[in-house]
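Student: Pasting work-v3.pdb here (PDB, C-alpha atoms):
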ATOM      1  CA  MET A  65      -1.617  17.513 -11.215
ATOM      2  CA  GLN A  66       0.552  20.568 -10.551
ATOM      3  CA  GLU A  67      -2.402  22.548  -9.207
ATOM      4  CA  ILE A  68      -3.292  19.614  -6.961
ATOM      5  CA  TYR A  69       0.269  19.435  -5.664
ATOM      6  CA  GLU A  70       0.278  23.175  -4.900
ATOM      7  CA  THR A  71      -2.994  22.883  -2.973
ATOM      8  CA  ALA A  72      -1.683  19.875  -1.055
ATOM      9  CA  LYS A  73       1.526  21.728  -0.226
ATOM     10  CA  ASP A  74      -0.508  24.522   1.347
ATOM     11  CA  LEU A  75      -2.902  22.252   3.245
ATOM     12  CA  MET A  76      -0.163  19.878   4.452
ATOM     13  CA  LYS A  77       2.254  22.590   5.557
ATOM     14  CA  GLY A  78       4.261  21.403   8.546
ATOM     15  CA  TYR A  79       3.434  17.756   7.809
ATOM     16  CA  CYS A  80       4.506  17.208   4.200
ATOM     17  CA  ARG A  81       6.456  19.518   1.904
ATOM     18  CA  VAL A  82       5.131  17.836  -1.255
ATOM     19  CA  CYS A  83       8.664  17.700  -2.619
ATOM     20  CA  LYS A  84       9.281  17.360  -6.344
ATOM     21  CA  GLU A  85      10.984  14.078  -5.465
ATOM     22  CA  CYS A  86       9.358  12.310  -2.517
ATOM     23  CA  ASN A  87      12.452  10.582  -1.141
ATOM     24  CA  GLY A  88      12.436  11.075   2.633
ATOM     25  CA  ASN A  89      15.272  13.611   2.750
ATOM     26  CA  ALA A  90      13.271  16.660   3.818
ATOM     27  CA  CYS A  91      11.065  14.927   6.408
ATOM     28  CA  VAL A  92      13.580  12.874   8.388
ATOM     29  CA  GLY A  93      12.129  11.688  11.687
ATOM     30  CA  GLU A  94       8.767  13.403  11.173
ATOM     31  CA  VAL A  95       6.481  10.751  12.611
ATOM     32  CA  PRO A  96       3.646  11.685  13.184
ATOM     33  CA  GLY A  97       3.682  13.396   9.841
ATOM     34  CA  MET A  98       4.576  11.859   6.488
ATOM     35  CA  GLY A  99       8.277  11.267   7.143
ATOM     36  CA  GLY A 100      10.394   8.251   7.987
ATOM     37  CA  LEU A 101      11.205   7.098  11.509
ATOM     38  CA  GLY A 102      14.518   8.058  13.077
ATOM     39  CA  THR A 103      17.147   8.691  10.410
ATOM     40  CA  ALA A 104      14.577   7.809   7.701
ATOM     41  CA  SER A 105      16.983   5.101   6.557
ATOM     42  CA  SER A 106      14.145   2.671   5.840
ATOM     43  CA  PHE A 107      12.090   5.270   3.931
ATOM     44  CA  LYS A 108      15.135   6.136   1.824
ATOM     45  CA  ALA A 109      15.990   2.456   1.359
ATOM     46  CA  ASN A 110      12.640   1.925  -0.362
ATOM     47  CA  ILE A 111      13.348   4.735  -2.812
ATOM     48  CA  ASN A 112      16.961   3.762  -3.443
ATOM     49  CA  ALA A 113      16.167   0.075  -3.930
ATOM     50  CA  LEU A 114      13.877   0.976  -6.829
ATOM     51  CA  LYS A 115      16.348   3.510  -8.225
ATOM     52  CA  ARG A 116      19.051   0.847  -8.468
ATOM     53  CA  ILE A 117      16.896  -1.260 -10.781
ATOM     54  CA  ASN A 118      17.224  -0.490 -14.498
ATOM     55  CA  PHE A 119      15.164  -1.641 -17.452
ATOM     56  CA  ASN A 120      16.287  -3.431 -20.583
ATOM     57  CA  MET A 121      14.757  -1.182 -23.247
ATOM     58  CA  ARG A 122      13.344  -3.270 -26.113
ATOM     59  CA  LEU A 123      11.537  -1.917 -29.137
ATOM     60  CA  VAL A 124      11.647  -4.693 -31.735
ATOM     61  CA  HIS A 125       8.291  -6.254 -30.900
ATOM     62  CA  ASP A 126       4.561  -5.962 -31.634
ATOM     63  CA  VAL A 127       3.322  -4.528 -28.291
ATOM     64  CA  LEU A 128       1.311  -1.430 -29.190
ATOM     65  CA  GLU A 129      -1.473  -1.341 -26.603
ATOM     66  CA  PRO A 130      -0.428  -3.286 -23.497
ATOM     67  CA  ASP A 131      -3.033  -4.879 -21.266
ATOM     68  CA  THR A 132      -2.705  -3.376 -17.777
ATOM     69  CA  MET A 133      -5.480  -5.447 -16.169
ATOM     70  CA  VAL A 134      -4.722  -8.002 -13.446
ATOM     71  CA  SER A 135      -6.824 -10.254 -11.223
ATOM     72  CA  VAL A 136      -5.980 -10.118  -7.518
ATOM     73  CA  LEU A 137      -7.851 -12.030  -4.805
ATOM     74  CA  GLY A 138     -10.788 -12.473  -7.159
ATOM     75  CA  LYS A 139     -10.934  -8.775  -8.087
ATOM     76  CA  GLU A 140     -10.302  -7.426 -11.573
ATOM     77  CA  LEU A 141      -8.094  -4.327 -11.400
ATOM     78  CA  SER A 142      -7.736  -1.994 -14.368
ATOM     79  CA  ILE A 143      -4.100  -1.471 -13.371
ATOM     80  CA  PRO A 144      -2.080  -3.523 -10.852
ATOM     81  CA  VAL A 145      -2.310  -0.852  -8.167
ATOM     82  CA  LEU A 146      -4.077  -0.440  -4.826
ATOM     83  CA  ALA A 147      -4.095   2.641  -2.604
ATOM     84  CA  ALA A 148      -2.291   1.621   0.579
ATOM     85  CA  PRO A 149      -3.963   1.992   3.981
ATOM     86  CA  ILE A 150      -3.083   5.342   5.564
ATOM     87  CA  GLY A 151      -5.074   7.007   8.321
ATOM     88  CA  GLY A 152      -4.865   9.890  10.722
ATOM     89  CA  VAL A 153      -5.371  12.947   8.521
ATOM     90  CA  SER A 154      -5.324  15.360  11.459
ATOM     91  CA  PHE A 155      -1.949  14.312  12.877
ATOM     92  CA  ASN A 156      -0.192  12.923   9.783
ATOM     93  CA  MET A 157      -1.397  15.230   7.001
ATOM     94  CA  GLY A 158      -2.211  18.512   8.698
ATOM     95  CA  GLY A 159      -5.985  18.226   8.994
ATOM     96  CA  GLY A 160      -6.657  20.399   5.950
ATOM     97  CA  ILE A 161      -9.482  18.059   5.038
ATOM     98  CA  SER A 162     -11.504  15.748   7.273
ATOM     99  CA  GLU A 163     -10.833  12.047   7.759
ATOM    100  CA  GLU A 164     -14.148  11.276   6.063
ATOM    101  CA  ALA A 165     -13.392  13.486   3.034
ATOM    102  CA  TYR A 166      -9.983  11.874   2.703
ATOM    103  CA  ILE A 167     -11.237   8.292   2.893
ATOM    104  CA  LYS A 168     -14.135   8.976   0.525
ATOM    105  CA  SER A 169     -11.690  10.442  -1.989
ATOM    106  CA  ILE A 170      -9.538   7.321  -1.835
ATOM    107  CA  ILE A 171     -12.312   4.726  -1.851
ATOM    108  CA  PHE A 172     -14.587   6.305  -4.452
ATOM    109  CA  GLY A 173     -11.734   7.625  -6.609
ATOM    110  CA  CYS A 174     -10.234   4.149  -6.817
ATOM    111  CA  ARG A 175     -13.611   2.563  -7.503
ATOM    112  CA  GLU A 176     -14.279   5.003 -10.330
ATOM    113  CA  LYS A 177     -10.981   4.056 -11.974
ATOM    114  CA  GLY A 178     -11.367   0.319 -11.562
ATOM    115  CA  ILE A 179      -8.957  -0.325  -8.709
ATOM    116  CA  ILE A 180      -9.297  -0.685  -4.924
ATOM    117  CA  GLY A 181      -8.483   1.634  -2.052
ATOM    118  CA  CYS A 182      -7.567   0.497   1.455
ATOM    119  CA  THR A 183      -8.384   2.121   4.783
ATOM    120  CA  GLY A 184      -6.260   2.336   7.927
ATOM    121  CA  ASP A 185      -6.635   1.859  11.644
ATOM    122  CA  GLY A 186      -5.378   3.577  14.764
ATOM    123  CA  VAL A 187      -6.224   5.852  17.644
ATOM    124  CA  PRO A 188      -8.630   7.637  17.952
ATOM    125  CA  ASP A 189     -11.269   5.103  16.926
ATOM    126  CA  PHE A 190     -12.868   7.324  14.297
ATOM    127  CA  ILE A 191      -9.994   6.459  11.933
ATOM    128  CA  HIS A 192     -11.096   2.836  11.687
ATOM    129  CA  GLU A 193     -14.802   3.544  12.082
ATOM    130  CA  THR A 194     -14.860   6.172   9.333
ATOM    131  CA  GLY A 195     -13.050   3.820   6.980
ATOM    132  CA  LEU A 196     -15.569   1.049   7.573
ATOM    133  CA  SER A 197     -18.473   3.458   7.190
ATOM    134  CA  VAL A 198     -17.203   4.673   3.809
ATOM    135  CA  ILE A 199     -16.534   1.126   2.594
ATOM    136  CA  LYS A 200     -20.100   0.187   3.559
ATOM    137  CA  GLU A 201     -21.363   3.250   1.662
ATOM    138  CA  ALA A 202     -19.337   2.016  -1.340
ATOM    139  CA  ASP A 203     -21.101  -1.369  -1.159
ATOM    140  CA  GLY A 204     -18.067  -3.102   0.274
ATOM    141  CA  HIS A 205     -15.637  -1.799  -2.346
ATOM    142  CA  GLY A 206     -12.528  -1.304  -0.260
ATOM    143  CA  ILE A 207     -10.055  -3.180   1.902
ATOM    144  CA  PRO A 208      -9.987  -2.272   5.607
ATOM    145  CA  PHE A 209      -6.801  -2.938   7.565
ATOM    146  CA  VAL A 210      -6.622  -3.475  11.313
ATOM    147  CA  LYS A 211      -3.585  -3.296  13.555
ATOM    148  CA  PRO A 212      -2.346  -6.333  15.520
ATOM    149  CA  TRP A 213      -4.238  -5.412  18.677
ATOM    150  CA  ALA A 214      -4.611  -7.499  21.808
ATOM    151  CA  ASP A 215      -7.370 -10.090  21.472
ATOM    152  CA  GLN A 216     -10.403  -8.232  22.805
ATOM    153  CA  GLU A 217      -9.948  -5.145  20.650
ATOM    154  CA  LEU A 218      -8.796  -7.158  17.660
ATOM    155  CA  PHE A 219     -11.803  -9.466  17.529
ATOM    156  CA  GLU A 220     -14.213  -6.598  18.174
ATOM    157  CA  LYS A 221     -12.774  -4.825  15.126
ATOM    158  CA  LEU A 222     -12.899  -7.977  13.035
ATOM    159  CA  ASP A 223     -16.642  -8.155  13.770
ATOM    160  CA  LYS A 224     -17.022  -4.553  12.612
ATOM    161  CA  VAL A 225     -15.193  -5.381   9.388
ATOM    162  CA  LYS A 226     -17.841  -8.009   8.623
ATOM    163  CA  GLU A 227     -20.560  -5.370   8.959
ATOM    164  CA  SER A 228     -18.869  -3.161   6.343
ATOM    165  CA  GLY A 229     -19.493  -5.657   3.551
ATOM    166  CA  ALA A 230     -15.799  -5.879   2.638
ATOM    167  CA  ASP A 231     -14.838  -9.325   1.351
ATOM    168  CA  ILE A 232     -11.099  -8.667   1.676
ATOM    169  CA  MET A 233      -9.401  -7.350   4.806
ATOM    170  CA  GLY A 234      -5.864  -6.984   6.071
ATOM    171  CA  MET A 235      -3.669  -6.658   9.118
ATOM    172  CA  ASP A 236      -0.598  -4.418   9.098
ATOM    173  CA  ILE A 237       1.452  -6.596  11.419
ATOM    174  CA  ASP A 238       4.375  -4.226  10.822
ATOM    175  CA  ALA A 239       2.670  -1.887  13.316
ATOM    176  CA  ALA A 240       3.378  -4.382  16.094
ATOM    177  CA  GLY A 241       6.117  -2.267  17.632
ATOM    178  CA  LEU A 242       4.200   0.976  18.043
ATOM    179  CA  ILE A 243       4.985   1.641  21.709
ATOM    180  CA  THR A 244       2.894   4.822  21.638
ATOM    181  CA  LEU A 245      -0.254   2.731  21.339
ATOM    182  CA  LYS A 246       0.737   0.641  24.368
ATOM    183  CA  LYS A 247       1.281   3.825  26.390
ATOM    184  CA  MET A 248      -2.239   4.873  25.404
ATOM    185  CA  GLY A 249      -3.601   1.622  26.819
ATOM    186  CA  ARG A 250      -4.131   0.133  23.362
ATOM    187  CA  PRO A 251      -1.341  -2.456  23.001
ATOM    188  CA  VAL A 252      -0.338  -4.056  19.717
ATOM    189  CA  SER A 253       1.943  -7.059  19.418
ATOM    190  CA  PRO A 254       3.536  -9.600  17.087
ATOM    191  CA  LYS A 255       1.506 -12.760  16.436
ATOM    192  CA  THR A 256       2.536 -16.405  16.376
ATOM    193  CA  VAL A 257       1.693 -18.636  13.419
ATOM    194  CA  GLU A 258      -0.961 -20.286  15.583
ATOM    195  CA  LYS A 259      -2.535 -16.949  16.526
ATOM    196  CA  LEU A 260      -2.496 -15.796  12.897
ATOM    197  CA  GLY A 261      -4.194 -19.030  11.905
ATOM    198  CA  GLN A 262      -6.890 -18.408  14.519
ATOM    199  CA  ILE A 263      -7.419 -14.878  13.195
ATOM    200  CA  VAL A 264      -7.609 -16.009   9.566
ATOM    201  CA  LYS A 265     -10.154 -18.707  10.410
ATOM    202  CA  SER A 266     -12.296 -16.241  12.367
ATOM    203  CA  VAL A 267     -12.944 -13.957   9.395
ATOM    204  CA  SER A 268     -15.165 -14.627   6.412
ATOM    205  CA  ALA A 269     -13.159 -12.269   4.204
ATOM    206  CA  LYS A 270      -9.931 -13.005   2.358
ATOM    207  CA  PHE A 271      -6.996 -12.050   4.559
ATOM    208  CA  ILE A 272      -3.890  -9.983   3.723
ATOM    209  CA  LEU A 273      -0.866  -9.882   6.023
ATOM    210  CA  LYS A 274       1.024  -6.622   5.495
ATOM    211  CA  GLY A 275       4.567  -6.087   6.705
ATOM    212  CA  VAL A 276       6.393  -9.192   5.470
ATOM    213  CA  MET A 277      10.104  -8.564   4.881
ATOM    214  CA  THR A 278      11.669 -12.023   5.195
ATOM    215  CA  ILE A 279      11.261 -15.422   3.564
ATOM    216  CA  ASP A 280      10.489 -16.960   6.967
ATOM    217  CA  ASP A 281       7.582 -14.594   7.631
ATOM    218  CA  ALA A 282       6.250 -15.185   4.117
ATOM    219  CA  LEU A 283       6.288 -18.949   4.717
ATOM    220  CA  PHE A 284       4.633 -18.430   8.114
ATOM    221  CA  ALA A 285       1.865 -16.433   6.386
ATOM    222  CA  VAL A 286       1.310 -19.356   4.026
ATOM    223  CA  ASP A 287       1.218 -21.776   6.963
ATOM    224  CA  ALA A 288      -1.320 -19.572   8.771
ATOM    225  CA  GLY A 289      -3.660 -19.673   5.789
ATOM    226  CA  ALA A 290      -3.407 -16.027   4.741
ATOM    227  CA  ASP A 291      -4.557 -15.291   1.205
ATOM    228  CA  ALA A 292      -1.976 -12.595   0.491
ATOM    229  CA  ILE A 293       1.058 -10.824   1.877
ATOM    230  CA  VAL A 294       2.356  -7.304   1.376
ATOM    231  CA  VAL A 295       6.130  -7.067   1.214
ATOM    232  CA  SER A 296       6.498  -3.795   3.105
ATOM    233  CA  ASN A 297       8.481  -2.027   5.815
ATOM    234  CA  HIS A 298       5.492   0.235   6.613
ATOM    235  CA  GLY A 299       6.879   3.057   4.521
ATOM    236  CA  GLY A 300       9.932   3.256   6.769
ATOM    237  CA  ARG A 301       7.769   4.483   9.647
ATOM    238  CA  VAL A 302       8.197   1.739  12.277
ATOM    239  CA  LEU A 303      11.827   0.495  12.264
ATOM    240  CA  ASP A 304      14.956   2.342  11.219
ATOM    241  CA  PHE A 305      17.594   0.557   9.120
ATOM    242  CA  THR A 306      15.554  -2.045   7.274
ATOM    243  CA  PRO A 307      16.251  -2.865   3.625
ATOM    244  CA  GLY A 308      13.975  -1.471   0.962
ATOM    245  CA  ALA A 309      11.019  -3.632  -0.023
ATOM    246  CA  ALA A 310      12.336  -4.064  -3.575
ATOM    247  CA  THR A 311      15.602  -5.446  -2.171
ATOM    248  CA  VAL A 312      13.934  -8.445  -0.518
ATOM    249  CA  LEU A 313      10.988  -8.922  -2.882
ATOM    250  CA  SER A 314      12.542 -11.256  -5.445
ATOM    251  CA  ASP A 315      13.793 -13.741  -2.837
ATOM    252  CA  ILE A 316      10.401 -13.774  -1.125
ATOM    253  CA  CYS A 317       8.653 -14.295  -4.460
ATOM    254  CA  ASP A 318      10.996 -17.159  -5.318
ATOM    255  CA  ALA A 319      10.035 -18.814  -2.027
ATOM    256  CA  VAL A 320       6.231 -18.444  -2.037
ATOM    257  CA  LYS A 321       5.102 -17.523  -5.571
ATOM    258  CA  GLY A 322       2.060 -19.632  -6.451
ATOM    259  CA  LYS A 323       1.332 -20.420  -2.806
ATOM    260  CA  ILE A 324      -0.020 -16.994  -1.879
ATOM    261  CA  THR A 325      -0.837 -13.676  -3.567
ATOM    262  CA  ILE A 326       2.101 -11.281  -3.312
ATOM    263  CA  LEU A 327       1.660  -7.515  -3.075
ATOM    264  CA  ALA A 328       4.469  -5.033  -2.500
ATOM    265  CA  ASP A 329       4.824  -1.398  -1.511
ATOM    266  CA  GLY A 330       7.499   1.075  -0.514
ATOM    267  CA  GLY A 331       8.822   4.011  -2.505
ATOM    268  CA  VAL A 332       6.570   3.524  -5.538
ATOM    269  CA  ARG A 333       6.239   6.859  -7.290
ATOM    270  CA  THR A 334       5.732   6.093 -11.003
ATOM    271  CA  GLY A 335       4.244   3.560 -13.358
ATOM    272  CA  GLY A 336       7.785   2.465 -14.051
ATOM    273  CA  ASP A 337       8.222   1.618 -10.372
ATOM    274  CA  VAL A 338       5.044  -0.457 -10.567
ATOM    275  CA  LEU A 339       6.461  -2.410 -13.503
ATOM    276  CA  LYS A 340       9.744  -3.021 -11.667
ATOM    277  CA  LEU A 341       7.938  -4.634  -8.713
ATOM    278  CA  LEU A 342       5.806  -6.738 -11.055
ATOM    279  CA  ALA A 343       8.985  -7.925 -12.780
ATOM    280  CA  LEU A 344      10.459  -8.893  -9.406
ATOM    281  CA  GLY A 345       7.422 -11.102  -8.818
ATOM    282  CA  ALA A 346       4.650  -9.043  -7.226
ATOM    283  CA  ASP A 347       1.094  -9.671  -8.398
ATOM    284  CA  ALA A 348       0.146  -6.047  -7.729
ATOM    285  CA  VAL A 349       1.526  -2.973  -5.995
ATOM    286  CA  MET A 350       0.374  -0.680  -3.186
ATOM    287  CA  ILE A 351       1.103   3.045  -3.250
ATOM    288  CA  GLY A 352       0.875   5.203  -0.128
ATOM    289  CA  ARG A 353       2.142   8.780   0.178
ATOM    290  CA  PRO A 354       1.407   9.886  -3.434
ATOM    291  CA  PHE A 355      -2.245   8.896  -3.000
ATOM    292  CA  SER A 356      -2.403  10.908   0.223
ATOM    293  CA  VAL A 357      -1.041  14.015  -1.488
ATOM    294  CA  ALA A 358      -3.476  13.595  -4.389
ATOM    295  CA  ALA A 359      -6.447  13.169  -2.034
ATOM    296  CA  VAL A 360      -5.585  16.132   0.194
ATOM    297  CA  GLY A 361      -4.804  18.356  -2.772
ATOM    298  CA  GLY A 362      -7.673  17.395  -5.052
ATOM    299  CA  LEU A 363     -10.085  15.103  -3.201
ATOM    300  CA  GLN A 364     -11.643  12.436  -5.458
ATOM    301  CA  GLU A 365     -10.681  14.275  -8.635
ATOM    302  CA  GLY A 366      -7.074  14.377  -7.445
ATOM    303  CA  VAL A 367      -7.087  10.645  -6.777
ATOM    304  CA  GLU A 368      -8.542   9.912 -10.209
ATOM    305  CA  LEU A 369      -6.002  12.134 -11.961
ATOM    306  CA  TYR A 370      -3.160  10.454 -10.091
ATOM    307  CA  ILE A 371      -4.420   7.020 -11.158
ATOM    308  CA  ASP A 372      -4.559   8.237 -14.765
ATOM    309  CA  LYS A 373      -0.966   9.444 -14.422
ATOM    310  CA  ILE A 374       0.235   6.073 -13.109
ATOM    311  CA  ARG A 375      -1.671   4.243 -15.845
ATOM    312  CA  THR A 376      -0.062   6.335 -18.591
ATOM    313  CA  GLU A 377       3.414   5.836 -17.142
ATOM    314  CA  LEU A 378       2.851   2.097 -16.764
ATOM    315  CA  GLU A 379       1.631   1.724 -20.346
ATOM    316  CA  GLN A 380       4.637   3.658 -21.642
ATOM    317  CA  ALA A 381       7.078   1.535 -19.609
ATOM    318  CA  MET A 382       5.402  -1.656 -20.847
ATOM    319  CA  VAL A 383       5.701  -0.605 -24.491
ATOM    320  CA  LEU A 384       9.345   0.388 -24.057
ATOM    321  CA  THR A 385      10.209  -2.979 -22.473
ATOM    322  CA  GLY A 386       8.031  -5.148 -24.718
ATOM    323  CA  VAL A 387       5.574  -6.251 -22.014
ATOM    324  CA  SER A 388       2.162  -7.110 -23.438
ATOM    325  CA  LYS A 389       0.328  -8.029 -20.205
ATOM    326  CA  ALA A 390       0.724  -6.714 -16.668
ATOM    327  CA  CYS A 391      -0.329 -10.120 -15.361
ATOM    328  CA  ASP A 392       2.708 -11.722 -17.002
ATOM    329  CA  VAL A 393       5.894  -9.698 -16.520
ATOM    330  CA  SER A 394       9.250 -11.410 -16.865
ATOM    331  CA  ARG A 395      12.239 -10.569 -14.695
ATOM    332  CA  THR A 396      14.258 -10.430 -17.936
ATOM    333  CA  ILE A 397      13.026  -6.873 -18.581
ATOM    334  CA  LEU A 398      15.312  -5.790 -15.714
ATOM    335  CA  HIS A 399      18.968  -5.206 -16.453
ATOM    336  CA  GLY A 400      21.282  -7.641 -14.706
ATOM    337  CA  PHE A 401      18.557 -10.037 -13.569
TER     338      PHE A 401
END
Spell out the structure here as structure tokens.
Tutor:
Amino acid sequence: MQEIYETAKDLMKGYCRVCKECNGNACVGEVPGMGGLGTASSFKANINALKRINFNMRLVHDVLEPDTMVSVLGKELSIPVLAAPIGGVSFNMGGGISEEAYIKSIIFGCREKGIIGCTGDGVPDFIHETGLSVIKEADGHGIPFVKPWADQELFEKLDKVKESGADIMGMDIDAAGLITLKKMGRPVSPKTVEKLGQIVKSVSAKFILKGVMTIDDALFAVDAGADAIVVSNHGGRVLDFTPGAATVLSDICDAVKGKITILADGGVRTGGDVLKLLALGADAVMIGRPFSVAAVGGLQEGVELYIDKIRTELEQAMVLTGVSKACDVSRTILHGF
């Protein structure tokens, strides 16, 4: 991985420093880019929320080879991880590789390792269109996300999602405040429960609502008929001074667990971080920036090596906490919970 990180550091110069610890300190306010909005408080909150959680180390047990497989939205995942939707290689990652090369690395690298990659949306249109094209090439293996556009653009994109063959799709509703898109004549906006229900009913795919940070919004997602939520503050890139995702996750899980699939992202850097979010109640975890660095620095091979790294770390953390199955993680493995 070190060679991949060095290559990424060169290709992403001016957009991402590929720090030894990706914590938001060196890239404050660098949006576009890979940083956090404003003071980067929300980016840092994701990292710090996970850092505050400690494990209860247990070694008197019979867990030798833990089972890392989970089932999410009807898909069997070899580890409880998905590559989060990130787009805009040219203005967020430096343009060292093309949008198509980046998306292919994510989608096909994840498929090769038995997990699923997601694709993003934005302006210009080739971000979304390239993602859908690659997912179609991968026989529908991928999860496209769309932004909460105004009706005409939104429903046009939903029709395009159908053509890709994807049977799961998502909306990153946490992009609803991106004023830059409105200034470009491409407005995004929050959605009412009724509007969300209309959107969910209009698609044939299972529907993920990304950007849920409160119990109320989680309950609204259930009411609207969504199949899954992602507890996420958009990587700290849309609103300064939000709590970290791990801070609010357990309360949200207590409110809607069993009613809807729960995914979480924000600050996940290791397999241990994955296990922490599972223990708090998530069914699986999304990872963003580290996948981007791996893809830019090593293309599909980089993505596959990063997945191997996460898998090894997850297995080690499971053994050291006595967890036999990733699909059944107790909150008792966390100290103080």
Student: Here's the selection I'm unsure about, the PyMOL selection byres ((chain A and resi 123-131) around 7); applied to the file above, which residues does it give, as a count of residues only?
Tutor: 14
Student: Residues picked by the PyMOL selection byres ((chain A and resi 304) around 9) here, as a list in words?
Tutor: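 In the shown coordinates, the PyMOL selection byres ((chain A and resi 304) around 9) covers Gly100, Leu101, Gly102, Thr103, Ala104, Ser105, Ser106, Phe107, Gly300, Arg301, Val302, Leu303, Phe305 and Thr306 of chain A.
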Student: Taking only C-alpha atoms into account, which of A:Met248, A:Ile191, A:Val225, A:Cys174 comes nearest Ser162 of chain A?
Tutor: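 Closest residue, counting only C-alpha atoms: A:Ile191.
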Student: Just to confirm, what's the straight-line distance from atom CA of Tyr370 of chain A to atom CA of Val153 of chain A in Å (one decimal)?
Tutor: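 Computed distance, atom CA of Tyr370 of chain A to atom CA of Val153 of chain A, equals 18.9 Å.
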Student: Nearest to Met76 of chain A: which of A:Val198, A:Ile371, A:Gln262, A:Gly160 is it, counting only C-alpha atoms?
Tutor: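 Distance minimum relative to Met76 of chain A lands on A:Gly160.
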Student: With a distance cut-off of 9 Å and only C-alpha atoms, select the neighbouring residues of Phe284 of chain A, excluding the residue or stretch itself and same-chain residues fewer than 6 positions from it, and output the selection as a list in words.
Tutor: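 Once the adjacent positions are removed, what remains is Thr256, Val257 and Leu260 of chain A.
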Student: For Phe172 of chain A, please output as a list in words all residues within 7 Å (counting only C-alpha atoms; exclusion window: fewer than 4 positions along the same chain).
Tutor: Lys168, Glu176 and Gln364 of chain A
Student: Going by the chain IDs and residue numbers used in this file, which residues fall under the PyMOL selection byres ((chain A and resi 266) around 12)? Write them as a list of chain:residue names.
Tutor: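 Selected by the PyMOL selection byres ((chain A and resi 266) around 12) here: A:Leu218, A:Phe219, A:Glu220, A:Lys221, A:Leu222, A:Asp223, A:Val225, A:Lys226, A:Lys259, A:Leu260, A:Gly261, A:Gln262, A:Ile263, A:Val264, A:Lys265, A:Val267, A:Ser268, A:Ala269, A:Lys270, A:Phe271, A:Gly289, A:Ala290.
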Student: Out of A:Leu137, A:Ala148, A:Leu114, A:Ile143, which residue has the shortest atom-to-atom distance to Lys340 of chain A when counting all atoms listed in the file?
Tutor: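 Going through A:Leu137, A:Ala148, A:Leu114, A:Ile143 one by one, the smallest distance to Lys340 of chain A is for A:Leu114.
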Student: Pick out the closest residue to Ile272 of chain A from this set: A:Asn297, A:Pro208, A:His399, A:Gly78. Count only C-alpha atoms.
Tutor: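 The shortest atom-to-atom distance to Ile272 of chain A comes from A:Pro208.
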Student: Extract, using all atoms listed in the file, all DNA, RNA and protein residues at most 12 Å from Gly322 of chain A, discarding same-chain residues fewer than 4 positions from it, and format them as a PyMOL selection string.
Tutor: chain A and resi 283+286+291-292+316-318+326+345-347
Student: Any idea what the distance is between atom CA of Ala381 of chain A and atom CA of Leu339 of chain A?
Tutor: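 Interatomic distance, atom CA of Ala381 of chain A to atom CA of Leu339 of chain A: 7.3 Å.
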Student: Tell me which protein, DNA and RNA residues are within 12 Å of Gln66 of chain A, counting only C-alpha atoms, leaving out same-chain ones fewer than 3 positions away, and put them as number ranges by chain.
Tutor: A: 69-73, 82-84, 357-358, 361-362, 366, 369-370, 373
Student: Since the input lacks some atoms of segment 124-132 of chain A, please model N, CA, C and O atoms and print them as an mmCIF file, keeping the file's coordinate frame.
Tutor:
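Saved as out_29.cif:
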data_model
loop_
_atom_site.group_PDB
_atom_site.id
_atom_site.type_symbol
_atom_site.label_atom_id
_atom_site.label_comp_id
_atom_site.auth_asym_id
_atom_site.auth_seq_id
_atom_site.Cartn_x
_atom_site.Cartn_y
_atom_site.Cartn_z
ATOM 1 N N VAL A 124 11.914 -3.847 -30.574
ATOM 2 C CA VAL A 124 11.647 -4.693 -31.735
ATOM 3 C C VAL A 124 10.645 -5.753 -31.295
ATOM 4 O O VAL A 124 11.001 -6.849 -30.850
ATOM 5 N N HIS A 125 9.375 -5.378 -31.350
ATOM 6 C CA HIS A 125 8.291 -6.254 -30.900
ATOM 7 C C HIS A 125 6.975 -5.705 -31.438
ATOM 8 O O HIS A 125 6.944 -4.672 -32.136
ATOM 9 N N ASP A 126 5.871 -6.370 -31.104
ATOM 10 C CA ASP A 126 4.561 -5.962 -31.634
ATOM 11 C C ASP A 126 3.615 -5.443 -30.549
ATOM 12 O O ASP A 126 2.399 -5.398 -30.732
ATOM 13 N N VAL A 127 4.164 -5.030 -29.387
ATOM 14 C CA VAL A 127 3.322 -4.528 -28.291
ATOM 15 C C VAL A 127 2.994 -3.064 -28.561
ATOM 16 O O VAL A 127 3.856 -2.183 -28.478
ATOM 17 N N LEU A 128 1.759 -2.794 -28.896
ATOM 18 C CA LEU A 128 1.311 -1.430 -29.190
ATOM 19 C C LEU A 128 0.391 -0.892 -28.104
ATOM 20 O O LEU A 128 0.486 0.268 -27.716
ATOM 21 N N GLU A 129 -0.521 -1.736 -27.638
ATOM 22 C CA GLU A 129 -1.473 -1.341 -26.603
ATOM 23 C C GLU A 129 -1.456 -2.397 -25.497
ATOM 24 O O GLU A 129 -2.246 -3.340 -25.516
ATOM 25 N N PRO A 130 -0.563 -2.266 -24.543
ATOM 26 C CA PRO A 130 -0.428 -3.286 -23.497
ATOM 27 C C PRO A 130 -1.670 -3.396 -22.627
ATOM 28 O O PRO A 130 -2.386 -2.416 -22.415
ATOM 29 N N ASP A 131 -1.904 -4.592 -22.147
ATOM 30 C CA ASP A 131 -3.033 -4.879 -21.266
ATOM 31 C C ASP A 131 -2.584 -4.692 -19.823
ATOM 32 O O ASP A 131 -1.750 -5.447 -19.316
ATOM 33 N N THR A 132 -3.120 -3.684 -19.148
ATOM 34 C CA THR A 132 -2.705 -3.376 -17.777
ATOM 35 C C THR A 132 -3.569 -4.065 -16.723
ATOM 36 O O THR A 132 -3.322 -3.910 -15.528
#
